[in-house]
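run-v9.cif follows; it contains mmCIF, C-alpha atoms.
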```cif
data_final
#
loop_
_atom_site.label_atom_id
_atom_site.label_comp_id
_atom_site.auth_asym_id
_atom_site.auth_seq_id
_atom_site.Cartn_x
_atom_site.Cartn_y
_atom_site.Cartn_z
CA MET J 1 -72.07 265.30 26.65
CA ILE J 2 -68.83 266.72 25.25
CA GLY J 3 -66.99 266.70 28.59
CA TRP J 4 -63.28 267.36 28.43
CA ARG J 5 -62.74 265.98 24.91
CA PHE J 6 -62.22 269.53 23.58
CA ALA J 7 -58.94 269.66 25.56
CA LEU J 8 -57.49 267.08 23.13
CA THR J 9 -57.89 269.35 20.11
CA PRO J 10 -54.72 270.71 18.44
CA ARG J 11 -55.54 274.22 19.70
CA TRP J 12 -55.55 273.19 23.36
CA ILE J 13 -52.57 270.88 22.94
CA GLY J 14 -50.74 273.93 21.61
CA TYR J 15 -51.84 275.99 24.62
CA VAL J 16 -50.56 273.30 27.01
CA ALA J 17 -47.26 273.08 25.15
CA LEU J 18 -46.93 276.87 25.31
CA ALA J 19 -47.56 276.84 29.07
CA VAL J 20 -44.95 274.12 29.54
CA VAL J 21 -42.35 276.04 27.49
CA PHE J 22 -43.17 279.22 29.44
CA ALA J 23 -42.71 277.36 32.73
CA ILE J 24 -39.39 275.89 31.59
CA VAL J 25 -38.08 279.32 30.54
CA CYS J 26 -39.20 280.87 33.84
CA SER J 27 -37.57 278.04 35.79
CA MET J 28 -34.31 278.49 33.89
CA LEU J 29 -34.33 282.23 34.60
CA GLY J 30 -35.14 281.57 38.26
CA THR J 31 -32.26 279.09 38.51
CA TRP J 32 -29.94 281.60 36.84
CA GLN J 33 -30.90 284.19 39.46
CA PHE J 34 -30.14 281.67 42.22
CA GLN J 35 -26.71 281.15 40.65
CA ARG J 36 -26.13 284.90 40.51
CA ARG J 37 -27.02 285.14 44.20
CA ALA J 38 -24.62 282.30 45.03
CA GLU J 39 -21.83 284.13 43.19
CA ALA J 40 -22.62 287.35 45.06
CA ARG J 41 -22.64 285.51 48.39
CA ALA J 42 -19.30 283.87 47.54
CA ALA J 43 -17.77 287.29 46.77
CA ILE J 44 -19.07 288.67 50.09
CA ASP J 45 -17.71 285.67 51.99
CA LEU J 46 -14.33 286.17 50.33
CA ILE J 47 -14.17 289.81 51.43
CA GLU J 48 -15.14 288.88 55.00
CA ALA J 49 -12.53 286.10 55.10
CA ASN J 50 -9.54 287.93 53.55
CA TYR J 51 -9.96 291.69 53.75
CA ASP J 52 -8.84 292.27 57.35
CA ARG J 53 -6.22 289.50 57.59
CA GLU J 54 -2.72 290.27 58.79
CA PRO J 55 -0.34 291.05 55.87
CA VAL J 56 2.02 288.25 54.89
CA PRO J 57 5.12 288.39 52.64
CA ILE J 58 4.13 288.15 49.02
CA GLY J 59 6.46 285.21 48.43
CA SER J 60 4.49 283.06 50.87
CA VAL J 61 1.24 283.75 49.01
CA LEU J 62 2.50 283.87 45.41
CA PRO J 63 5.63 281.70 45.22
CA ALA J 64 5.89 282.12 41.41
CA LEU J 65 5.15 285.00 39.06
CA GLU J 66 2.28 283.06 37.47
CA ASP J 67 0.65 282.03 40.76
CA TYR J 68 -2.75 283.28 41.91
CA GLU J 69 -6.03 281.66 42.93
CA PRO J 70 -9.42 283.41 43.01
CA SER J 71 -9.71 282.44 46.70
CA GLN J 72 -6.73 284.76 47.40
CA GLU J 73 -8.55 287.92 46.34
CA TRP J 74 -8.31 290.78 48.91
CA THR J 75 -5.49 289.01 50.82
CA PRO J 76 -3.06 291.66 52.19
CA VAL J 77 0.56 291.09 51.17
CA LEU J 78 3.74 292.72 52.39
CA LEU J 79 6.21 294.18 49.87
CA HIS J 80 9.80 295.31 50.49
CA GLY J 81 11.73 297.16 47.78
CA GLN J 82 11.27 300.35 45.81
CA TYR J 83 8.80 301.92 43.42
CA LEU J 84 9.87 302.29 39.78
CA VAL J 85 8.44 305.79 39.65
CA ASP J 86 9.66 306.47 36.12
CA GLN J 87 7.69 303.41 34.87
CA GLU J 88 4.36 304.57 36.32
CA MET J 89 1.23 304.00 34.20
CA LEU J 90 -2.33 305.36 34.12
CA VAL J 91 -5.33 303.13 33.43
CA ARG J 92 -7.91 304.94 31.32
CA ASN J 93 -11.70 305.12 31.73
CA ARG J 94 -11.91 304.58 35.50
CA PRO J 95 -14.90 306.53 36.86
CA LEU J 96 -15.37 307.14 40.58
CA ASN J 97 -18.70 308.36 41.94
CA GLY J 98 -19.71 309.35 38.43
CA GLN J 99 -16.54 311.37 37.76
CA PRO J 100 -14.13 310.20 35.05
CA GLY J 101 -10.52 309.55 35.91
CA PHE J 102 -7.55 307.17 35.96
CA GLU J 103 -6.10 304.45 38.17
CA VAL J 104 -2.43 305.00 39.03
CA LEU J 105 -0.29 301.87 38.52
CA THR J 106 3.24 302.05 39.88
CA PRO J 107 5.54 299.03 39.42
CA PHE J 108 7.16 297.97 42.70
CA GLN J 109 10.51 296.18 42.40
CA LEU J 110 11.00 293.72 45.25
CA ASP J 111 14.34 293.01 46.89
CA ASP J 112 14.74 289.88 44.73
CA GLY J 113 14.39 291.92 41.51
CA THR J 114 10.87 290.82 40.58
CA VAL J 115 8.16 293.41 39.97
CA PHE J 116 4.69 293.57 41.46
CA ILE J 117 2.18 296.08 40.07
CA VAL J 118 0.64 298.31 42.75
CA ASP J 119 -2.55 300.27 42.13
CA ARG J 120 -1.96 303.34 44.26
CA GLY J 121 -5.46 304.76 43.77
CA TRP J 122 -7.56 307.06 41.62
CA VAL J 123 -7.01 310.54 40.16
CA SER J 124 -9.49 312.65 38.21
CA ILE J 125 -9.08 313.84 34.66
CA GLY J 126 -7.39 317.18 34.17
CA SER J 127 -8.17 320.31 32.23
CA ARG J 128 -7.05 318.59 29.00
CA GLN J 129 -9.41 315.64 29.68
CA ASP J 130 -6.98 313.01 28.32
CA THR J 131 -4.53 313.19 31.24
CA PRO J 132 -4.57 314.27 34.92
CA ASP J 133 -3.30 317.72 35.82
CA SER J 134 -1.03 316.08 38.40
CA VAL J 135 -0.38 312.67 39.92
CA PRO J 136 0.81 312.38 43.55
CA GLU J 137 4.31 310.93 43.49
CA ALA J 138 5.11 307.59 45.05
CA PRO J 139 7.77 307.40 47.79
CA ARG J 140 11.26 307.18 46.34
CA GLY J 141 13.96 304.88 47.63
CA GLN J 142 13.44 301.87 49.86
CA ALA J 143 9.84 301.41 50.99
CA THR J 144 7.51 298.93 52.63
CA VAL J 145 4.07 298.59 51.08
CA VAL J 146 0.97 296.64 52.07
CA ALA J 147 -1.44 295.84 49.22
CA ARG J 148 -4.51 293.65 48.75
CA LEU J 149 -4.44 291.12 45.93
CA LYS J 150 -6.67 291.48 42.88
CA ALA J 151 -6.78 289.39 39.72
CA GLY J 152 -5.39 290.88 36.52
CA GLU J 153 -7.87 292.06 33.91
CA PRO J 154 -8.44 290.74 30.38
CA THR J 155 -7.87 292.64 27.17
CA LEU J 156 -11.10 294.37 26.17
CA PRO J 157 -11.90 294.63 22.45
CA GLY J 158 -12.14 298.22 21.32
CA ARG J 159 -10.22 299.57 24.33
CA SER J 160 -6.96 301.33 23.51
CA ALA J 161 -4.61 303.98 24.83
CA PRO J 162 -2.80 306.82 23.05
CA ALA J 163 0.48 305.66 21.56
CA GLY J 164 3.65 307.05 23.07
CA THR J 165 2.06 307.77 26.48
CA ASN J 166 2.20 306.11 29.88
CA GLN J 167 -1.47 305.13 29.62
CA VAL J 168 -2.92 301.62 29.34
CA PRO J 169 -6.52 300.58 28.51
CA THR J 170 -6.81 297.84 31.17
CA ILE J 171 -4.73 296.18 33.88
CA GLN J 172 -3.62 293.41 31.51
CA LEU J 173 -0.58 292.23 33.42
CA GLU J 174 1.09 290.23 30.65
CA GLU J 175 1.06 293.28 28.38
CA ILE J 176 2.36 295.43 31.22
CA SER J 177 5.13 292.89 31.83
CA GLN J 178 6.18 293.10 28.18
CA ARG J 179 6.12 296.87 28.40
CA LEU J 180 8.39 296.87 31.48
CA ASP J 181 10.67 294.11 30.13
CA LEU J 182 11.22 292.92 33.71
CA PRO J 183 10.20 289.73 35.59
CA THR J 184 6.68 290.73 36.65
CA TYR J 185 3.79 289.02 38.42
CA THR J 186 1.29 288.35 35.63
CA ARG J 187 -1.75 286.93 37.42
CA ALA J 188 -2.32 289.40 40.28
CA TYR J 189 -1.69 293.01 41.23
CA GLY J 190 -2.31 294.89 44.49
CA LEU J 191 -4.53 297.69 45.77
CA VAL J 192 -2.43 299.83 48.08
CA VAL J 193 -3.31 299.77 51.78
CA SER J 194 -0.33 301.58 53.31
CA GLU J 195 3.09 302.90 52.37
CA ASP J 196 6.16 303.45 54.54
CA PRO J 197 7.47 306.11 54.22
CA GLU J 198 4.03 307.66 53.89
CA PRO J 199 3.76 310.16 51.00
CA ALA J 200 2.66 313.73 51.64
CA GLU J 201 -0.12 313.30 49.09
CA ALA J 202 -1.67 310.16 47.61
CA PRO J 203 -4.32 309.22 45.04
CA VAL J 204 -7.81 308.36 46.27
CA ALA J 205 -7.57 304.88 47.78
CA THR J 206 -10.04 302.10 46.98
CA ILE J 207 -12.66 301.66 49.71
CA LYS J 208 -13.93 298.37 51.09
CA PRO J 209 -16.78 296.98 48.97
CA GLU J 210 -20.21 297.01 50.57
CA PRO J 211 -21.63 293.53 51.29
CA ASP J 212 -24.61 293.58 48.94
CA GLU J 213 -25.92 290.39 47.34
CA GLY J 214 -28.44 292.30 45.21
CA PRO J 215 -32.10 291.44 44.47
CA HIS J 216 -31.34 288.03 42.93
CA LEU J 217 -33.35 286.04 45.51
CA SER J 218 -36.54 288.05 44.97
CA TYR J 219 -36.09 287.89 41.19
CA ALA J 220 -35.65 284.10 41.34
CA LEU J 221 -38.84 283.65 43.38
CA GLN J 222 -40.74 285.92 40.99
CA TRP J 223 -39.76 283.78 38.00
CA PHE J 224 -41.02 280.62 39.69
CA VAL J 225 -44.26 282.39 40.62
CA PHE J 226 -44.68 283.41 36.96
CA ALA J 227 -44.32 279.74 35.95
CA LEU J 228 -47.05 278.78 38.44
CA ILE J 229 -49.32 281.59 37.25
CA GLY J 230 -49.02 280.27 33.70
CA PHE J 231 -50.49 276.91 34.73
CA ILE J 232 -53.15 278.57 36.88
CA GLY J 233 -54.21 280.68 33.90
CA LEU J 234 -54.30 277.60 31.70
CA GLY J 235 -56.52 275.76 34.21
CA TRP J 236 -58.90 278.71 34.48
CA ALA J 237 -59.18 278.94 30.67
CA LEU J 238 -59.86 275.19 30.45
CA ARG J 239 -62.60 275.43 33.05
CA GLU J 240 -64.27 278.40 31.33
CA GLU J 241 -64.28 276.70 27.95
CA TYR J 242 -65.60 273.51 29.54
CA ARG J 243 -68.61 275.46 30.79
CA VAL J 244 -69.17 277.07 27.40
CA VAL J 245 -68.97 273.94 25.27
CA ASN J 246 -71.09 271.93 27.71
CA ALA J 247 -73.68 274.65 28.35
CA ALA J 248 -76.45 272.78 26.42
CA ASP J 249 -75.92 269.57 28.34
CA PRO J 250 -78.72 268.94 30.94
CA VAL J 251 -76.24 267.74 33.54
CA GLU J 252 -74.12 270.84 33.13
CA GLN J 253 -77.22 273.06 33.18
CA GLU J 254 -78.25 271.51 36.50
CA ARG J 255 -74.75 272.08 37.86
CA ALA J 256 -74.87 275.72 36.74
CA ALA J 257 -78.28 276.16 38.41
CA ALA J 258 -76.95 274.60 41.60
CA ARG J 259 -73.98 276.98 41.56
CA ALA J 260 -76.33 279.91 41.09
CA ARG J 261 -78.49 278.80 44.01
CA ARG J 262 -75.47 278.42 46.26
CA LYS J 263 -74.28 281.87 45.26
CA ALA J 264 -77.70 283.33 45.94
CA ARG J 265 -77.78 281.74 49.39
CA LYS J 266 -74.35 283.16 50.18
CA THR J 267 -75.31 286.69 49.09
CA PRO J 268 -77.58 288.40 51.69
CA THR J 269 -80.54 290.40 50.51
CA ASP J 270 -80.87 294.12 51.18
CA ALA J 271 -83.38 293.40 53.92
CA GLU J 272 -81.05 290.92 55.56
CA THR J 273 -78.21 293.45 55.42
CA GLU J 274 -80.41 296.14 57.03
CA ASP J 275 -81.52 293.73 59.76
CA ALA J 276 -77.91 292.86 60.53
CA ILE J 277 -77.03 296.57 60.83
CA LEU J 278 -79.98 297.17 63.18
CA ASP J 279 -79.00 294.17 65.27
CA ARG J 280 -75.51 295.55 65.69
CA LEU J 281 -76.91 298.96 66.69
#
```
Using the file provided, produce a representation of the structure as structure tokens.
Amino acid sequence: MIGWRFALTPRWIGYVALAVVFAIVCSMLGTWQFQRRAEARAAIDLIEANYDREPVPIGSVLPALEDYEPSQEWTPVLLHGQYLVDQEMLVRNRPLNGQPGFEVLTPFQLDDGTVFIVDRGWVSIGSRQDTPDSVPEAPRGQATVVARLKAGEPTLPGRSAPAGTNQVPTIQLEEISQRLDLPTYTRAYGLVVSEDPEPAEAPVATIKPEPDEGPHLSYALQWFVFALIGFIGLGWALREEYRVVNAADPVEQERAAARARRKARKTPTDAETEDAILDRL
């Protein structure tokens, strides 16, 4: 009797190794999806914790120009001072609901002389495509602004803005600080919430993000199921080959005959099926 000795051949050892590698890859992808879900949950928790808090003076949240922690995202801060309207900038390539446009960045000079960048909202592209037809003007003179903190953006390779314009490719705060040549917060900027005095017209404000953790949990479970299916398929293939290679063995033949008899006993004959139907009637 050959038994299971065929499973020790190089071919089957290779199959087992392939199943193990497949399971490891699936497990890694499943773990990655769990991590993605954890990140999404953390972002949702941060919005729920900070978004609707009472505004606090910016100096109590960001004591220095280089201060900012990821846990402070969405925290409302209170600003007193005036907009530097003449230093306003437009951030390129900012679509909204599928429509191309710009984010309006207006530097806000605080009473102590430092500058905090305020994102006043979104405007669509104009008839010339490379610039808006008009940008709602920020309040002039002394103003009080509430804005929610956001982290500055990195420099993106390949992104640029036309030279000699007020446009920037990203909200890279260190580059903006150099452009303004003023003491500027370089780790965080703010999404406008309210302005006093309130302007007659304003860009489209950023809306509150929807709490959506995405399909990461279902994807993670699917990857682990795939890993399990790989081993199930390997076991089925082993069993089938076992029956083939041991088909001439008398013991295996007797086992096959016994399986056939059990199957025959479990399957009712046509007459038995008809009798059962008549009994029910």
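Each of J:Glu66, J:Glu73, J:Glu201, J:Glu153 was compared to Gly121 in chain J using only C-alpha atoms, and J:Glu201 turns out to be the nearest.
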Taking into account all atoms listed in the file, which residue in the set J:Arg41, J:Trp12, J:Arg140, J:Arg5 is nearest to His216 in chain J?
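Distance minimum relative to His216 in chain J lands on J:Arg41.
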Report as a PDB file with C-alpha atoms, in the coordinates of the input the residues that result from applying the PyMOL selection byres ((chain J and resi 199) around 12) to the structure here.
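Below is the file expr.pdb, written as the result:
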```
ATOM      1  CA  ARG J 120      -1.960 303.340  44.260  1.00  0.00           C
ATOM      2  CA  PRO J 136       0.810 312.380  43.550  1.00  0.00           C
ATOM      3  CA  GLU J 137       4.310 310.930  43.490  1.00  0.00           C
ATOM      4  CA  ALA J 138       5.110 307.590  45.050  1.00  0.00           C
ATOM      5  CA  PRO J 139       7.770 307.400  47.790  1.00  0.00           C
ATOM      6  CA  ARG J 140      11.260 307.180  46.340  1.00  0.00           C
ATOM      7  CA  GLY J 141      13.960 304.880  47.630  1.00  0.00           C
ATOM      8  CA  ALA J 143       9.840 301.410  50.990  1.00  0.00           C
ATOM      9  CA  THR J 144       7.510 298.930  52.630  1.00  0.00           C
ATOM     10  CA  VAL J 145       4.070 298.590  51.080  1.00  0.00           C
ATOM     11  CA  SER J 194      -0.330 301.580  53.310  1.00  0.00           C
ATOM     12  CA  GLU J 195       3.090 302.900  52.370  1.00  0.00           C
ATOM     13  CA  ASP J 196       6.160 303.450  54.540  1.00  0.00           C
ATOM     14  CA  PRO J 197       7.470 306.110  54.220  1.00  0.00           C
ATOM     15  CA  GLU J 198       4.030 307.660  53.890  1.00  0.00           C
ATOM     16  CA  ALA J 200       2.660 313.730  51.640  1.00  0.00           C
ATOM     17  CA  GLU J 201      -0.120 313.300  49.090  1.00  0.00           C
ATOM     18  CA  ALA J 202      -1.670 310.160  47.610  1.00  0.00           C
ATOM     19  CA  PRO J 203      -4.320 309.220  45.040  1.00  0.00           C
TER      20      PRO J 203
END
```
Coordinates-based distance that separates CA of Gln35 in chain J from CA of Gly230 in chain J (Å, one decimal)
23.4 Å
List the neighbours of range 174-180 of chain J out to 10 Å using all atoms listed in the file; skip same-chain residues closer than 4 positions along the sequence, and give me the result as number ranges by chain.
J: 66, 87-89, 107, 115-117, 152-155, 168, 170, 184-187
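For the residues J:Gln82, J:Ser218, J:Ser160, J:Asn97, ranking by smallest atom-to-atom distance to Thr114 in chain J using only C-alpha atoms places J:Gln82 first.
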Would you mind telling me which residue in J:Tyr51, J:Arg159, J:Gly101, J:Phe22 lies nearest to Arg128 in chain J when using all atoms listed in the file?
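Nearest to Arg128 in chain J: J:Gly101.
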Just want the 8 Å neighbourhood of Val77 in chain J, counted on only C-alpha atoms, with same-chain residues fewer than 2 positions away dropped. Output as a compact mmCIF listing (two decimals) with C-alpha atoms, in the frame of the given file.
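After the write, out.txt holds the following:
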```
# COMPACT_ATOMS: atom_id res chain seq x y z
CA PRO J 55 -0.34 291.05 55.87
CA VAL J 56 2.02 288.25 54.89
CA PRO J 57 5.12 288.39 52.64
CA ILE J 58 4.13 288.15 49.02
CA VAL J 61 1.24 283.75 49.01
CA THR J 75 -5.49 289.01 50.82
CA LEU J 79 6.21 294.18 49.87
CA VAL J 146 0.97 296.64 52.07
CA ALA J 147 -1.44 295.84 49.22
CA ARG J 148 -4.51 293.65 48.75
CA LEU J 149 -4.44 291.12 45.93
```
Provide an axis-aligned box for all listed atoms of range 114-126 of chain J, padding each side by 3 Å; report its centre and its edge lengths in Å to one decimal, as AutoDock Vina command-line options.
```
--center_x 0.7 --center_y 304.0 --center_z 39.2 --size_x 26.4 --size_y 32.4 --size_z 16.1
```
Selection in question (the file shown): the PyMOL selection byres ((chain J and resi 99) around 12). Which residues does it include, as a PyMOL selection string?
chain J and resi 93-98+100-102+122-126+129
Of the candidates J:Val104, J:Ile13, J:Val20, J:Cys26, which one gets nearest to Tyr219 in chain J if we count only C-alpha atoms?
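The answer is J:Cys26, which sits nearest to Tyr219 in chain J.
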Could you tell me how far CA of Glu54 in chain J lies from CA of Leu110 in chain J, in Å and to one decimal?
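Computing the Euclidean distance for CA of Glu54 in chain J and CA of Leu110 in chain J yields 19.6 Å.
Interatomic distance, CA of Thr106 in chain J to CA of Asp119 in chain J: 6.5 Å.
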As a VMD selection string, please: the residues near Ser27 in chain J (cut-off 10 Å, only C-alpha atoms, same-chain neighbours under 6 positions excluded).
chain J and resid 21 33 220 to 228
Please write the residues from the selection above to a file, keeping C-alpha atoms, as a tab-separated table (two decimals), in the frame of the given file.
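Wrote it out as again-v1.tsv, contents follow:
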```tsv
chain	number	residue	atom	x	y	z
J	21	VAL	CA	-42.35	276.04	27.49
J	33	GLN	CA	-30.90	284.19	39.46
J	220	ALA	CA	-35.65	284.10	41.34
J	221	LEU	CA	-38.84	283.65	43.38
J	222	GLN	CA	-40.74	285.92	40.99
J	223	TRP	CA	-39.76	283.78	38.00
J	224	PHE	CA	-41.02	280.62	39.69
J	225	VAL	CA	-44.26	282.39	40.62
J	226	PHE	CA	-44.68	283.41	36.96
J	227	ALA	CA	-44.32	279.74	35.95
J	228	LEU	CA	-47.05	278.78	38.44
```
Final N, CA and C atoms of range 60-81 of chain J as a short mmCIF file (atom, residue, chain, number, x, y, z; two decimals), in the frame of the given file:
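Here's the written file result.cif:
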```cif
data_model
loop_
_atom_site.label_atom_id
_atom_site.label_comp_id
_atom_site.auth_asym_id
_atom_site.auth_seq_id
_atom_site.Cartn_x
_atom_site.Cartn_y
_atom_site.Cartn_z
N SER J 60 5.17 284.18 50.23
CA SER J 60 4.49 283.06 50.87
C SER J 60 3.10 282.85 50.30
N VAL J 61 2.57 283.85 49.61
CA VAL J 61 1.24 283.75 49.01
C VAL J 61 1.35 283.42 47.52
N LEU J 62 2.28 284.09 46.84
CA LEU J 62 2.50 283.87 45.41
C LEU J 62 3.96 283.45 45.21
N PRO J 63 4.24 282.16 45.34
CA PRO J 63 5.63 281.70 45.22
C PRO J 63 6.23 281.93 43.83
N ALA J 64 5.39 281.91 42.78
CA ALA J 64 5.89 282.12 41.41
C ALA J 64 5.14 283.29 40.78
N LEU J 65 5.73 283.83 39.72
CA LEU J 65 5.15 285.00 39.06
C LEU J 65 3.79 284.69 38.44
N GLU J 66 3.54 283.43 38.11
CA GLU J 66 2.28 283.06 37.47
C GLU J 66 1.25 282.53 38.46
N ASP J 67 1.56 282.58 39.75
CA ASP J 67 0.65 282.03 40.76
C ASP J 67 -0.43 283.03 41.13
N TYR J 68 -1.64 282.53 41.33
CA TYR J 68 -2.75 283.28 41.91
C TYR J 68 -3.99 282.42 41.81
N GLU J 69 -4.76 282.36 42.90
CA GLU J 69 -6.03 281.66 42.93
C GLU J 69 -7.13 282.64 43.28
N PRO J 70 -8.32 282.49 42.68
CA PRO J 70 -9.42 283.41 43.01
C PRO J 70 -9.72 283.50 44.50
N SER J 71 -9.46 282.42 45.25
CA SER J 71 -9.71 282.44 46.70
C SER J 71 -8.76 283.37 47.44
N GLN J 72 -7.69 283.86 46.77
CA GLN J 72 -6.73 284.76 47.40
C GLN J 72 -7.09 286.23 47.24
N GLU J 73 -8.17 286.52 46.55
CA GLU J 73 -8.55 287.92 46.34
C GLU J 73 -8.71 288.64 47.67
N TRP J 74 -8.25 289.89 47.74
CA TRP J 74 -8.31 290.78 48.91
C TRP J 74 -7.29 290.40 49.99
N THR J 75 -6.48 289.37 49.80
CA THR J 75 -5.49 289.01 50.82
C THR J 75 -4.41 290.09 50.90
N PRO J 76 -4.13 290.65 52.08
CA PRO J 76 -3.06 291.66 52.19
C PRO J 76 -1.69 291.00 52.11
N VAL J 77 -0.81 291.59 51.30
CA VAL J 77 0.56 291.09 51.17
C VAL J 77 1.54 292.20 51.50
N LEU J 78 2.71 291.79 51.97
CA LEU J 78 3.74 292.72 52.39
C LEU J 78 4.84 292.77 51.34
N LEU J 79 5.21 293.99 50.91
CA LEU J 79 6.21 294.18 49.87
C LEU J 79 7.38 295.00 50.42
N HIS J 80 8.59 294.55 50.14
CA HIS J 80 9.80 295.31 50.49
C HIS J 80 10.58 295.56 49.20
N GLY J 81 10.97 296.82 48.98
CA GLY J 81 11.73 297.16 47.78
C GLY J 81 11.58 298.63 47.47
#
```
